[in-house]
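Printed here is target08.txt (compact mmCIF, C-alpha atoms):
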```txt
# COMPACT_ATOMS: atom_id res chain seq x y z
CA MET A 149 26.94 -24.72 -64.40
CA GLN A 150 25.36 -22.95 -61.51
CA GLY A 151 22.48 -24.46 -59.62
CA PRO A 152 19.03 -22.90 -59.26
CA LEU A 153 18.84 -19.60 -57.44
CA THR A 154 17.26 -19.99 -54.02
CA ILE A 155 15.83 -17.00 -52.21
CA SER A 156 15.48 -17.56 -48.46
CA PRO A 157 12.83 -15.59 -46.55
CA PRO A 158 14.08 -12.81 -44.28
CA GLU A 159 14.84 -13.80 -40.71
CA SER A 160 12.11 -12.90 -38.29
CA ARG A 161 13.09 -10.67 -35.43
CA ILE A 162 12.70 -12.42 -32.11
CA ARG A 163 11.95 -10.00 -29.32
CA ALA A 164 12.34 -10.84 -25.66
CA PRO A 165 8.91 -11.22 -24.01
CA ARG A 166 7.88 -8.28 -21.91
CA PRO A 167 6.76 -8.91 -18.33
CA SER A 168 3.00 -9.01 -17.99
CA THR A 169 1.04 -6.25 -16.36
CA ARG A 170 0.04 -8.60 -13.56
CA PHE A 171 3.67 -9.51 -12.88
CA THR A 172 4.70 -5.86 -12.61
CA ALA A 173 1.72 -5.14 -10.33
CA ILE A 174 2.68 -7.97 -7.96
CA ALA A 175 6.31 -6.85 -7.98
CA ALA A 176 5.22 -3.28 -7.23
CA LEU A 177 3.16 -4.43 -4.25
CA LEU A 178 5.96 -6.56 -2.83
CA VAL A 179 8.51 -3.75 -3.14
CA GLY A 180 5.93 -1.32 -1.74
CA ALA A 181 5.35 -3.65 1.22
CA ILE A 182 9.08 -3.64 1.96
CA CYS A 183 9.16 0.18 1.77
CA PHE A 184 6.11 0.39 4.05
CA GLY A 185 7.68 -1.93 6.63
CA LEU A 186 10.93 0.02 6.57
CA GLY A 187 8.96 3.25 6.87
CA THR A 188 7.20 2.05 10.03
CA VAL A 189 10.53 1.17 11.62
CA ALA A 190 11.94 4.57 10.60
CA THR A 191 8.86 6.26 12.06
CA LYS A 192 9.40 4.53 15.40
CA GLY A 193 13.01 5.74 15.43
CA ALA A 194 12.20 9.31 14.35
CA MET A 195 9.47 9.75 16.98
CA ASP A 196 12.16 10.07 19.65
CA GLY A 197 12.70 13.65 18.44
CA ILE A 198 9.57 14.49 16.39
CA PRO A 199 5.97 14.30 17.67
CA PRO A 200 3.73 11.75 15.85
CA LEU A 201 1.34 14.08 14.02
CA THR A 202 4.09 16.52 13.10
CA LEU A 203 6.11 13.64 11.71
CA ALA A 204 3.16 12.43 9.61
CA GLY A 205 2.58 15.90 8.15
CA ALA A 206 6.29 16.50 7.45
CA ARG A 207 6.89 13.18 5.68
CA PHE A 208 3.91 13.59 3.35
CA GLY A 209 4.84 17.21 2.72
CA ILE A 210 8.12 15.91 1.30
CA ALA A 211 6.24 13.23 -0.64
CA ALA A 212 3.90 15.82 -2.14
CA LEU A 213 6.87 17.86 -3.36
CA VAL A 214 8.37 14.77 -5.00
CA LEU A 215 5.09 13.94 -6.74
CA PHE A 216 4.74 17.56 -7.88
CA ALA A 217 8.18 17.23 -9.51
CA PHE A 218 7.07 14.02 -11.26
CA CYS A 219 3.98 15.79 -12.58
CA ARG A 220 6.09 18.63 -13.93
CA VAL A 221 8.41 16.19 -15.72
CA ARG A 222 5.42 14.37 -17.22
CA GLY A 223 3.79 17.65 -18.25
CA VAL A 224 0.59 17.13 -16.22
CA SER A 225 -1.08 19.06 -13.39
CA PRO A 226 -2.36 17.63 -10.09
CA VAL A 227 -6.10 17.00 -9.88
CA TYR A 228 -8.11 18.28 -6.91
CA ASP A 229 -11.59 16.78 -6.80
CA SER A 230 -13.68 14.41 -4.73
CA ARG A 231 -11.44 11.49 -5.66
CA SER A 232 -8.38 13.30 -4.35
CA VAL A 233 -10.16 14.18 -1.12
CA LEU A 234 -11.15 10.55 -0.49
CA LEU A 235 -7.66 9.26 -1.27
CA GLY A 236 -6.06 11.91 0.92
CA LEU A 237 -8.35 11.12 3.85
CA THR A 238 -8.18 7.30 3.73
CA GLY A 239 -4.63 6.89 2.41
CA VAL A 240 -2.68 9.69 4.09
CA ALA A 241 -4.32 11.61 6.93
CA ALA A 242 -6.36 9.02 8.83
CA PRO A 243 -4.20 5.88 8.67
CA PHE A 244 -0.82 7.45 9.34
CA ALA A 245 -2.08 9.76 12.09
CA LEU A 246 -3.69 6.78 13.87
CA GLN A 247 -0.65 4.58 13.31
CA ASN A 248 1.83 7.17 14.59
CA VAL A 249 -0.16 7.87 17.75
CA GLY A 250 -0.43 4.14 18.41
CA LEU A 251 3.31 3.68 17.91
CA GLN A 252 3.95 5.76 21.03
CA ASP A 253 2.78 2.87 23.25
CA MET A 254 3.68 -0.11 21.03
CA ASP A 255 6.70 -1.49 19.23
CA ALA A 256 6.86 -1.35 15.44
CA GLY A 257 6.45 -5.09 14.84
CA THR A 258 3.25 -5.42 16.89
CA ASN A 259 1.79 -2.29 15.31
CA LEU A 260 2.32 -3.66 11.81
CA LEU A 261 0.90 -7.04 12.76
CA LEU A 262 -2.30 -5.57 14.17
CA ILE A 263 -2.78 -3.35 11.12
CA GLU A 264 -2.05 -6.00 8.52
CA GLY A 265 -4.09 -8.59 10.41
CA GLY A 266 -7.22 -6.55 9.73
CA VAL A 267 -6.48 -5.11 6.29
CA PRO A 268 -6.93 -8.31 4.16
CA VAL A 269 -10.25 -9.31 5.74
CA LEU A 270 -11.67 -5.77 5.73
CA THR A 271 -10.48 -5.19 2.16
CA ALA A 272 -12.16 -8.39 0.95
CA LEU A 273 -15.41 -7.41 2.72
CA PHE A 274 -15.33 -3.82 1.40
CA GLY A 275 -14.51 -5.06 -2.13
CA LEU A 276 -17.46 -7.46 -2.04
CA ALA A 277 -19.84 -4.78 -0.73
CA PHE A 278 -18.81 -1.80 -2.88
CA LEU A 279 -17.05 -3.26 -5.97
CA LYS A 280 -18.94 -6.57 -6.24
CA GLU A 281 -15.60 -8.40 -6.41
CA ARG A 282 -16.03 -12.02 -5.40
CA VAL A 283 -13.15 -13.89 -3.80
CA GLY A 284 -12.49 -17.38 -5.16
CA GLY A 285 -11.93 -20.37 -2.91
CA ALA A 286 -8.18 -20.61 -3.54
CA CYS A 287 -7.69 -16.85 -3.12
CA LEU A 288 -9.71 -16.96 0.10
CA CYS A 289 -7.50 -19.82 1.30
CA GLY A 290 -4.43 -17.68 0.65
CA ILE A 291 -5.94 -14.76 2.57
CA VAL A 292 -6.78 -17.04 5.51
CA LEU A 293 -3.21 -18.38 5.57
CA GLY A 294 -1.78 -14.88 5.56
CA VAL A 295 -4.11 -13.67 8.30
CA ALA A 296 -3.38 -16.81 10.34
CA GLY A 297 0.31 -16.01 10.13
CA VAL A 298 -0.30 -12.43 11.25
CA VAL A 299 -2.51 -13.58 14.15
CA ALA A 300 0.05 -16.16 15.22
CA VAL A 301 2.69 -13.47 15.43
CA ALA A 302 0.41 -10.92 17.11
CA VAL A 303 -1.13 -13.14 19.80
CA ARG A 304 2.09 -13.49 21.74
CA GLU A 305 2.69 -9.73 21.63
CA ILE A 306 -0.86 -8.74 22.63
CA THR A 307 -0.98 -11.15 25.57
CA GLY A 308 2.25 -9.58 26.77
CA GLY A 309 0.37 -6.49 27.96
CA SER A 310 0.12 -4.02 25.08
CA PRO A 311 -2.14 -1.00 25.86
CA VAL A 312 -5.75 -1.28 24.66
CA ARG A 313 -5.71 2.26 23.22
CA ALA A 314 -2.75 1.47 20.97
CA SER A 315 -4.46 -1.73 19.74
CA VAL A 316 -7.70 0.12 18.93
CA LEU A 317 -5.80 2.85 17.04
CA ALA A 318 -3.97 0.19 15.01
CA LEU A 319 -7.24 -1.52 14.08
CA LEU A 320 -8.81 1.81 13.07
CA SER A 321 -5.74 2.46 10.92
CA ALA A 322 -6.31 -0.94 9.30
CA ALA A 323 -9.90 0.04 8.46
CA ALA A 324 -8.65 3.25 6.84
CA PHE A 325 -6.07 1.36 4.78
CA ALA A 326 -8.74 -1.12 3.65
CA ALA A 327 -11.03 1.74 2.58
CA TYR A 328 -8.11 3.32 0.70
CA THR A 329 -7.41 0.06 -1.12
CA VAL A 330 -11.04 -0.31 -2.24
CA LEU A 331 -11.33 3.35 -3.26
CA GLY A 332 -8.01 3.20 -5.09
CA ARG A 333 -9.12 0.10 -6.97
CA LYS A 334 -12.29 1.88 -8.07
CA ILE A 335 -10.53 5.14 -8.99
CA PHE A 336 -7.52 3.59 -10.76
CA ARG A 337 -9.41 0.76 -12.44
CA GLY A 338 -9.17 2.51 -15.79
CA GLY A 339 -5.42 3.05 -15.33
CA PHE A 340 -2.96 4.66 -12.96
CA SER A 341 -3.38 8.44 -12.67
CA LEU A 342 -0.40 10.42 -11.36
CA PRO A 343 -2.36 13.72 -11.18
CA VAL A 344 -5.07 12.17 -8.97
CA LEU A 345 -2.49 10.51 -6.70
CA THR A 346 -0.55 13.77 -6.37
CA GLY A 347 -3.69 15.73 -5.56
CA GLY A 348 -4.70 13.17 -2.94
CA THR A 349 -1.28 13.29 -1.28
CA ALA A 350 -1.35 17.10 -1.17
CA ILE A 351 -4.88 17.20 0.28
CA GLY A 352 -4.01 14.56 2.86
CA THR A 353 -1.00 16.62 3.92
CA LEU A 354 -3.19 19.72 4.34
CA MET A 355 -5.54 17.67 6.53
CA LEU A 356 -2.64 16.92 8.86
CA VAL A 357 -1.49 20.56 9.15
CA PRO A 358 -4.01 21.65 11.86
CA PHE A 359 -3.16 18.68 14.09
CA ALA A 360 0.58 19.19 13.62
CA SER A 361 0.17 22.90 14.38
CA ALA A 362 -1.71 22.13 17.60
CA GLU A 363 0.98 19.66 18.55
CA ILE A 364 3.74 22.22 17.98
CA ALA A 365 1.79 24.91 19.84
CA THR A 366 1.48 22.60 22.83
CA GLY A 367 4.94 21.08 22.97
CA GLY A 368 7.04 23.55 21.00
CA LEU A 369 9.18 23.03 17.92
CA PRO A 370 11.02 19.71 17.83
CA ARG A 371 14.78 19.71 18.12
CA LEU A 372 16.15 17.68 15.26
CA ASP A 373 19.55 16.05 15.17
CA PRO A 374 21.17 14.79 11.91
CA GLY A 375 19.79 11.29 12.49
CA ASP A 376 16.22 12.60 12.72
CA LEU A 377 16.67 14.60 9.52
CA TRP A 378 17.94 11.54 7.64
CA LEU A 379 15.01 9.46 8.90
CA LEU A 380 12.55 12.19 7.89
CA LEU A 381 14.08 12.40 4.42
CA PHE A 382 13.88 8.62 4.06
CA LEU A 383 10.24 8.63 5.17
CA GLY A 384 9.34 11.34 2.69
CA LEU A 385 11.10 9.85 -0.32
CA VAL A 386 10.93 6.07 0.14
CA GLY A 387 8.36 5.50 2.86
CA SER A 388 5.78 7.85 1.35
CA ALA A 389 6.38 8.95 -2.28
CA VAL A 390 7.78 5.68 -3.65
CA THR A 391 5.37 3.57 -1.61
CA GLN A 392 2.36 5.59 -2.83
CA LEU A 393 3.43 5.20 -6.46
CA LEU A 394 4.02 1.45 -6.17
CA TRP A 395 0.81 0.81 -4.27
CA ALA A 396 -1.26 2.83 -6.75
CA HIS A 397 0.21 0.81 -9.63
CA GLY A 398 -0.79 -2.42 -7.88
CA MET A 399 -4.32 -1.16 -7.19
CA ALA A 400 -4.75 -0.25 -10.86
CA HIS A 401 -4.19 -3.82 -12.08
CA LEU A 402 -5.24 -6.17 -9.26
CA ASP A 403 -8.47 -6.77 -7.39
CA ALA A 404 -8.88 -5.15 -3.98
CA ALA A 405 -8.77 -8.51 -2.14
CA GLU A 406 -5.52 -9.39 -3.91
CA VAL A 407 -3.93 -6.09 -2.92
CA GLY A 408 -4.95 -6.68 0.68
CA ALA A 409 -3.51 -10.20 0.58
CA PHE A 410 -0.14 -9.00 -0.68
CA GLY A 411 -0.16 -6.38 2.05
CA THR A 412 0.37 -9.18 4.59
CA PHE A 413 4.00 -9.19 3.48
CA ILE A 414 4.47 -5.85 5.25
CA PRO A 415 4.91 -7.38 8.74
CA VAL A 416 7.60 -9.72 7.42
CA ALA A 417 9.64 -6.78 6.17
CA GLY A 418 8.82 -4.73 9.25
CA ILE A 419 9.83 -7.38 11.78
CA ALA A 420 13.07 -8.07 9.94
CA ALA A 421 13.89 -4.34 9.79
CA ALA A 422 12.93 -3.85 13.47
CA ALA A 423 15.25 -6.68 14.48
CA LEU A 424 18.06 -5.26 12.35
CA PHE A 425 17.80 -1.55 13.17
CA LEU A 426 15.91 -1.35 16.49
CA GLY A 427 17.22 -4.50 18.13
CA GLU A 428 13.78 -6.09 18.61
CA ALA A 429 13.99 -9.85 19.20
CA VAL A 430 12.54 -12.29 16.64
CA THR A 431 10.81 -15.25 18.30
CA THR A 432 10.00 -18.74 17.02
CA THR A 433 6.31 -17.79 16.84
CA GLN A 434 7.16 -14.86 14.58
CA LEU A 435 9.18 -17.09 12.27
CA ALA A 436 6.28 -19.57 12.02
CA GLY A 437 3.90 -16.72 11.30
CA MET A 438 6.19 -15.40 8.56
CA ALA A 439 6.19 -18.85 6.93
CA LEU A 440 2.36 -18.87 6.91
CA ILE A 441 2.30 -15.38 5.42
CA VAL A 442 4.65 -16.35 2.59
CA ALA A 443 2.59 -19.49 1.93
CA GLY A 444 -0.58 -17.40 1.75
CA LEU A 445 1.02 -14.99 -0.71
CA THR A 446 2.11 -17.88 -2.92
CA VAL A 447 -1.35 -19.45 -2.95
CA THR A 448 -3.01 -16.11 -3.71
CA ALA A 449 -0.64 -15.34 -6.59
CA GLN A 450 -1.03 -18.77 -8.20
CA ALA A 451 -4.79 -18.92 -7.70
CA THR A 452 -5.47 -15.55 -9.31
CA GLU A 453 -3.06 -16.31 -12.15
CA LEU A 454 -4.96 -19.51 -12.99
CA ARG A 455 -8.27 -17.65 -12.73
CA ARG A 456 -7.27 -15.15 -15.43
CA PRO A 457 -7.15 -16.43 -19.03
CA SER A 458 -4.10 -15.60 -21.04
CA VAL A 459 -4.44 -13.12 -23.88
CA VAL A 460 -3.08 -14.04 -27.31
CA ARG A 461 -1.95 -11.13 -29.45
CA TRP A 462 -1.56 -11.73 -33.17
CA PRO A 463 1.41 -10.18 -34.97
CA ARG A 464 0.67 -7.10 -37.01
CA ARG A 465 1.54 -8.57 -40.39
CA ALA A 466 -0.32 -8.58 -43.70
CA ALA A 467 -2.33 -11.74 -44.31
CA PRO A 468 -1.88 -13.87 -47.47
CA VAL A 469 -3.93 -12.65 -50.42
CA ALA A 470 -6.03 -14.92 -52.61
CA VAL A 471 -7.19 -13.55 -55.99
CA MET A 472 -9.69 -15.08 -58.45
CA PRO A 473 -9.20 -13.46 -61.87
CA THR A 474 -12.35 -12.88 -63.90
CA ALA A 475 -10.91 -14.67 -66.90
CA LEU A 476 -10.60 -17.93 -64.92
CA GLU A 477 -14.02 -17.91 -63.22
CA PRO A 478 -15.21 -21.10 -64.94
CA PHE A 479 -12.19 -22.97 -63.53
CA THR A 480 -12.97 -22.73 -59.81
CA ASP A 481 -10.16 -25.11 -58.87
CA ILE A 482 -7.51 -22.67 -60.14
CA VAL A 483 -6.65 -20.03 -57.54
CA VAL A 484 -3.85 -17.52 -57.72
CA SER A 485 -2.43 -17.05 -54.17
CA THR A 486 0.76 -15.89 -52.57
CA THR A 487 3.24 -18.39 -51.24
CA ALA A 488 5.76 -15.87 -49.91
CA PRO A 489 6.18 -15.42 -46.16
CA LEU A 490 4.16 -12.84 -44.31
CA THR A 491 7.08 -10.41 -44.15
CA ALA A 492 7.47 -10.47 -47.91
CA ALA A 493 3.73 -10.00 -48.39
CA ALA A 494 3.86 -6.97 -46.14
CA ASP A 495 6.86 -5.40 -47.85
CA SER A 496 6.23 -6.17 -51.57
CA PRO A 497 2.53 -6.26 -52.62
CA LEU A 498 1.39 -8.38 -55.58
CA PRO A 499 1.03 -6.77 -58.99
CA ALA A 500 -2.54 -6.04 -60.02
CA ILE A 501 -4.20 -8.64 -62.31
CA ARG A 502 -6.26 -6.97 -65.03
CA PRO A 503 -9.17 -8.71 -66.73
CA PRO A 504 -8.83 -9.30 -70.52
CA ALA A 505 -9.99 -6.50 -72.78
CA PRO A 506 -13.46 -7.02 -74.33
CA PRO A 507 -13.50 -8.07 -78.02
CA ALA A 508 -13.81 -5.33 -80.62
CA PRO A 509 -17.34 -4.83 -82.04
CA PRO A 510 -17.96 -6.40 -85.50
CA PRO A 511 -17.68 -4.02 -88.44
CA GLY A 512 -20.89 -2.63 -89.91
CA PRO A 513 -22.19 -3.34 -93.44
CA THR A 514 -20.01 -2.17 -96.27
CA ARG A 515 -21.53 0.50 -98.48
CA LEU A 516 -20.41 0.84 -102.12
CA SER A 517 -20.36 4.29 -103.59
CA PRO A 518 -21.91 4.70 -107.04
```
What is this file in structure tokens?
Amino acid sequence: MQGPLTISPPESRIRAPRPSTRFTAIAALLVGAICFGLGTVATKGAMDGIPPLTLAGARFGIAALVLFAFCRVRGVSPVYDSRSVLLGLTGVAAPFALQNVGLQDMDAGTNLLLIEGGVPVLTALFGLAFLKERVGGACLCGIVLGVAGVVAVAVREITGGSPVRASVLALLSAAAFAAYTVLGRKIFRGGFSLPVLTGGTAIGTLMLVPFASAEIATGGLPRLDPGDLWLLLFLGLVGSAVTQLLWAHGMAHLDAAEVGAFGTFIPVAGIAAAALFLGEAVTTTQLAGMALIVAGLTVTAQATELRRPSVVRWPRRAAPVAVMPTALEPFTDIVVSTTAPLTAAADSPLPAIRPPAPPAPPPGPTRLSP
């Protein structure tokens, strides 16, 4: 004799959790910081054969072509409006022209340290003034740690006799980067926009064309060797196009002060790359400053993660159904409900329960025929 038939509910599909938007934004900023640091080192190496303003215009010309190709693949067109003009001015033309000119009289590591020493503080101040973004105590502590690490690394270099003009240009570049971060946060707050970013990169490149033309008219066309061409290609693809995409993604999902705090990782990548490719020495002070920068990044990431509540998303399944038939209304303690799992309720709905038919009307009086 066979036992009772048991029907087991269908196995639920367990999907691997997707990384959060905040996690991907932080990862994008960290990778973008590495690309930015490598790009500064490549710029210092390429300036041996290419003038600074010409190099800035050429690298972003390549980046604009890459972004145009992305827009064509995505089926969208670049946007040219006031937002693109502001992004092109503060994120392409002004900061990289100032940085490249300053790199002529300063090594790559010191240039990055001066820029990234001012960016977090200026970004936090601009975000408070224009976006009304308040910085929490723990996040502020992380920013202070990162800036302290940058200052510790920069003090030794500045006291060594760096030119004042190069230092001023680096600080002005930092102000432009901070303005770009705040503007990007405001523009991309509703979501990352590839057309706006592409339009801003193209407009920023056009802003650099007159200065590059004047530079070529004065000093003549640069003579490029294969090494300069490879560095220029790297700057256009990785140092500009990829970095712009990653940084825009981070600005779309993090506050302006947070983006500025994660930007302090740029000198760490830049100093390591300068020591590896340019032969610049790494001192004990620089190592201590790097440790402070990493500690500040850790505090900032943890503080802002605790400040944001987690979002619970309910599964899209049909809820259990409870039905009270009309015939059983006097018996309120009797309820017909489903006991099947949610998946079964979603796949096989309950049969409809019809109320009992009303009683037939009583027959009328009987009439006898004569």
I want to know what sits within 8 Å of Arg333 in chain A, based on all atoms listed in the file, with residues of the same chain fewer than 3 positions away left out; could you give that as a list in words?
Thr329, Val330, Phe336, Arg337, Met399, Ala400, Leu402, Asp403 and Ala404 of chain A
Counting all atoms listed in the file, figure out which residue out of A:Ala350, A:Gly368, A:Arg231, A:Val299 gets nearest to Ala436 in chain A.
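That would be A:Val299, the residue with the smallest distance to Ala436 in chain A.
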At a cut-off of 8 Å, using all atoms listed in the file, what residues contact Ala194 in chain A? Leave out same-chain residues fewer than 2 positions from it and give the result as a PyMOL selection string.
chain A and resi 190-192+196-198+203+376+379-380
Output file for the selection above: C-alpha atoms, as a PDB file, keeping the file's coordinate frame:
```
ATOM      1  CA  ALA A 190      11.940   4.570  10.600  1.00  0.00           C
ATOM      2  CA  THR A 191       8.860   6.260  12.060  1.00  0.00           C
ATOM      3  CA  LYS A 192       9.400   4.530  15.400  1.00  0.00           C
ATOM      4  CA  ASP A 196      12.160  10.070  19.650  1.00  0.00           C
ATOM      5  CA  GLY A 197      12.700  13.650  18.440  1.00  0.00           C
ATOM      6  CA  ILE A 198       9.570  14.490  16.390  1.00  0.00           C
ATOM      7  CA  LEU A 203       6.110  13.640  11.710  1.00  0.00           C
ATOM      8  CA  ASP A 376      16.220  12.600  12.720  1.00  0.00           C
ATOM      9  CA  LEU A 379      15.010   9.460   8.900  1.00  0.00           C
ATOM     10  CA  LEU A 380      12.550  12.190   7.890  1.00  0.00           C
TER      11      LEU A 380
END
```
Have a look at A:Thr188, A:Asn259, A:Ser388, A:Thr446 and name the one nearest to Val316 in chain A; count all atoms listed in the file.
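Counting all atoms listed in the file, the residue closest to Val316 in chain A is A:Asn259.
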Could you check how far CA of Thr391 in chain A sits from CA of Ala405 in chain A, in Å to one decimal?
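Straight-line distance from CA of Thr391 in chain A to CA of Ala405 in chain A works out to 18.6 Å.
In terms of minimum interatomic distance to Leu293 in chain A, A:Pro268 ranks closest within A:Ser168, A:Pro268, A:Leu276, A:Pro226, counting all atoms listed in the file.
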